[in-house]
Amino acid sequence: MIKAVLLLILVLVAMSSTFGKYIPKTGKRIPQTLSRGWGDQLIWAQTYEEALYWSRSRNKPLMVLFHLEDCPHSQALRKVFSDNEIQKTLDEDFIVLNLVYETTDKHLSQDGQYVPRIIFVDPTMTVRGDIIGPYANRMYAYEPNDLKLLLSNMQKAKKLLKSEL
């Protein structure tokens with residue numbers, strides 16, 4: 001009974017935040033503080049639970065970005081992350097969440113807790129362990145020179161969504 005009430009509250013909060021704002025399909029959007037410099041024109045989910053709800057209800061893959069504000073590797077990746085192709089693909093085809101703290105969900109730290117790391121989750125709430133970066137010791141890590149691989153993995157996340165669901 002308590003779980004049902006909590007789920008109902010979560011759904012109501014997510015729906016109220018979704019319907020509360022008008023966001024134009026094209027044109028400039030109001031910058032959000034949730035972007036933390038990773039794409040002010042993107043709509044960022046506030047929590048992992050909200051992001052999962054949006055992913056499921058909109059049938060879009062979720063991209064979770066873990067970083068730290070003072071990490072030099074995160075700062076370097078953020079600079080190339082402003083690439084127009086990445087921003088456009090994220091805006092049109094993904095639900096995005098960026099976290100500056102670790103989660104207790106072990107599925108999001110399968111190979112450790114390091115930053116920056118990017119994890120893809122499909123609308124069935126399955127962490128895509130088959131969409132990884134180029135490093136064997138940090139499966140979900142990307143560096144600035146891995147931009148092409150990141151774009152390729154984003155396309156793979158979209159294709160898997162269409163073919164598997």
# chains A, B, ... in the order shown; residues from 1 in each chain; ligands from 1
$ residues_around --residues "stretch 149-154 of chain A" --least-positions-apart "3" --cutoff "9 Å" --atoms "only C-alpha atoms" --output "list of chain:residue names"
A:Met63, A:Glu85, A:Ile86, A:Thr89, A:Leu90, A:Phe94, A:Ile118, A:Phe120, A:Ile131, A:Ile132, A:Gly133, A:Pro134, A:Tyr142, A:Asn145, A:Asp146, A:Ala157, A:Lys158, A:Lys159
$ select_by_dssp --residues "stretch 1-164 of chain A" --states "strand (DSSP E)" --output "PyMOL selection string"
chain A and resi 62-66+95-99+117-121
$ atom_distance --atom1 "atom CA of A:Thr126" --atom2 "atom CA of A:Leu160"
11.9 Å
$ atom_distance --atom1 "atom CA of A:Leu147" --atom2 "atom CA of A:Val96"
17.2 Å
$ residues_around --residues "stretch 69-77 of chain A" --least-positions-apart "6" --cutoff "7 Å" --atoms "only C-alpha atoms" --output "MDAnalysis selection string"
chainID A and resid 115:116 143:144
$ residues_around --residues "A:Arg58" --least-positions-apart "6" --cutoff "10 Å" --atoms "only C-alpha atoms" --output "ChimeraX atom specification"
/A:52,93-95,123
$ write_last_selection --atoms "all heavy atoms" --output "tab-separated table (two decimals), in the first residue's frame"
chain	number	residue	atom	x	y	z
A	52	LEU	N	13.89	8.05	-15.40
A	52	LEU	CA	13.33	6.75	-15.78
A	52	LEU	C	11.86	6.87	-16.17
A	52	LEU	O	11.42	6.26	-17.15
A	52	LEU	CB	13.48	5.75	-14.63
A	52	LEU	CG	14.89	5.26	-14.34
A	52	LEU	CD1	14.91	4.41	-13.07
A	52	LEU	CD2	15.46	4.49	-15.52
A	93	ASP	N	16.21	13.02	-29.26
A	93	ASP	CA	16.03	11.57	-29.14
A	93	ASP	C	16.31	10.97	-27.77
A	93	ASP	O	16.19	9.76	-27.61
A	93	ASP	CB	16.94	10.87	-30.16
A	93	ASP	CG	16.64	11.31	-31.58
A	93	ASP	OD1	15.44	11.44	-31.92
A	93	ASP	OD2	17.59	11.54	-32.36
A	94	PHE	N	16.71	11.76	-26.78
A	94	PHE	CA	17.12	11.21	-25.50
A	94	PHE	C	16.48	11.95	-24.33
A	94	PHE	O	16.12	13.11	-24.44
A	94	PHE	CB	18.64	11.28	-25.33
A	94	PHE	CG	19.39	10.26	-26.11
A	94	PHE	CD1	19.73	10.48	-27.43
A	94	PHE	CD2	19.77	9.06	-25.53
A	94	PHE	CE1	20.41	9.53	-28.16
A	94	PHE	CE2	20.46	8.10	-26.25
A	94	PHE	CZ	20.77	8.34	-27.57
A	95	ILE	N	16.39	11.25	-23.23
A	95	ILE	CA	16.16	11.85	-21.94
A	95	ILE	C	17.54	11.96	-21.31
A	95	ILE	O	18.33	11.01	-21.39
A	95	ILE	CB	15.24	10.96	-21.06
A	95	ILE	CG1	13.92	10.69	-21.75
A	95	ILE	CG2	15.06	11.57	-19.68
A	95	ILE	CD1	13.09	11.90	-22.07
A	123	PRO	N	14.11	2.35	-22.21
A	123	PRO	CA	12.84	2.61	-21.53
A	123	PRO	C	12.32	1.44	-20.68
A	123	PRO	O	11.42	1.64	-19.88
A	123	PRO	CB	11.87	2.91	-22.68
A	123	PRO	CG	12.73	3.41	-23.76
A	123	PRO	CD	14.02	2.64	-23.64
$ closest_residue --among "A:Val127, A:Val80, A:Ile119, A:Ala51" --to "A:Val64" --atoms "only C-alpha atoms"
A:Ile119
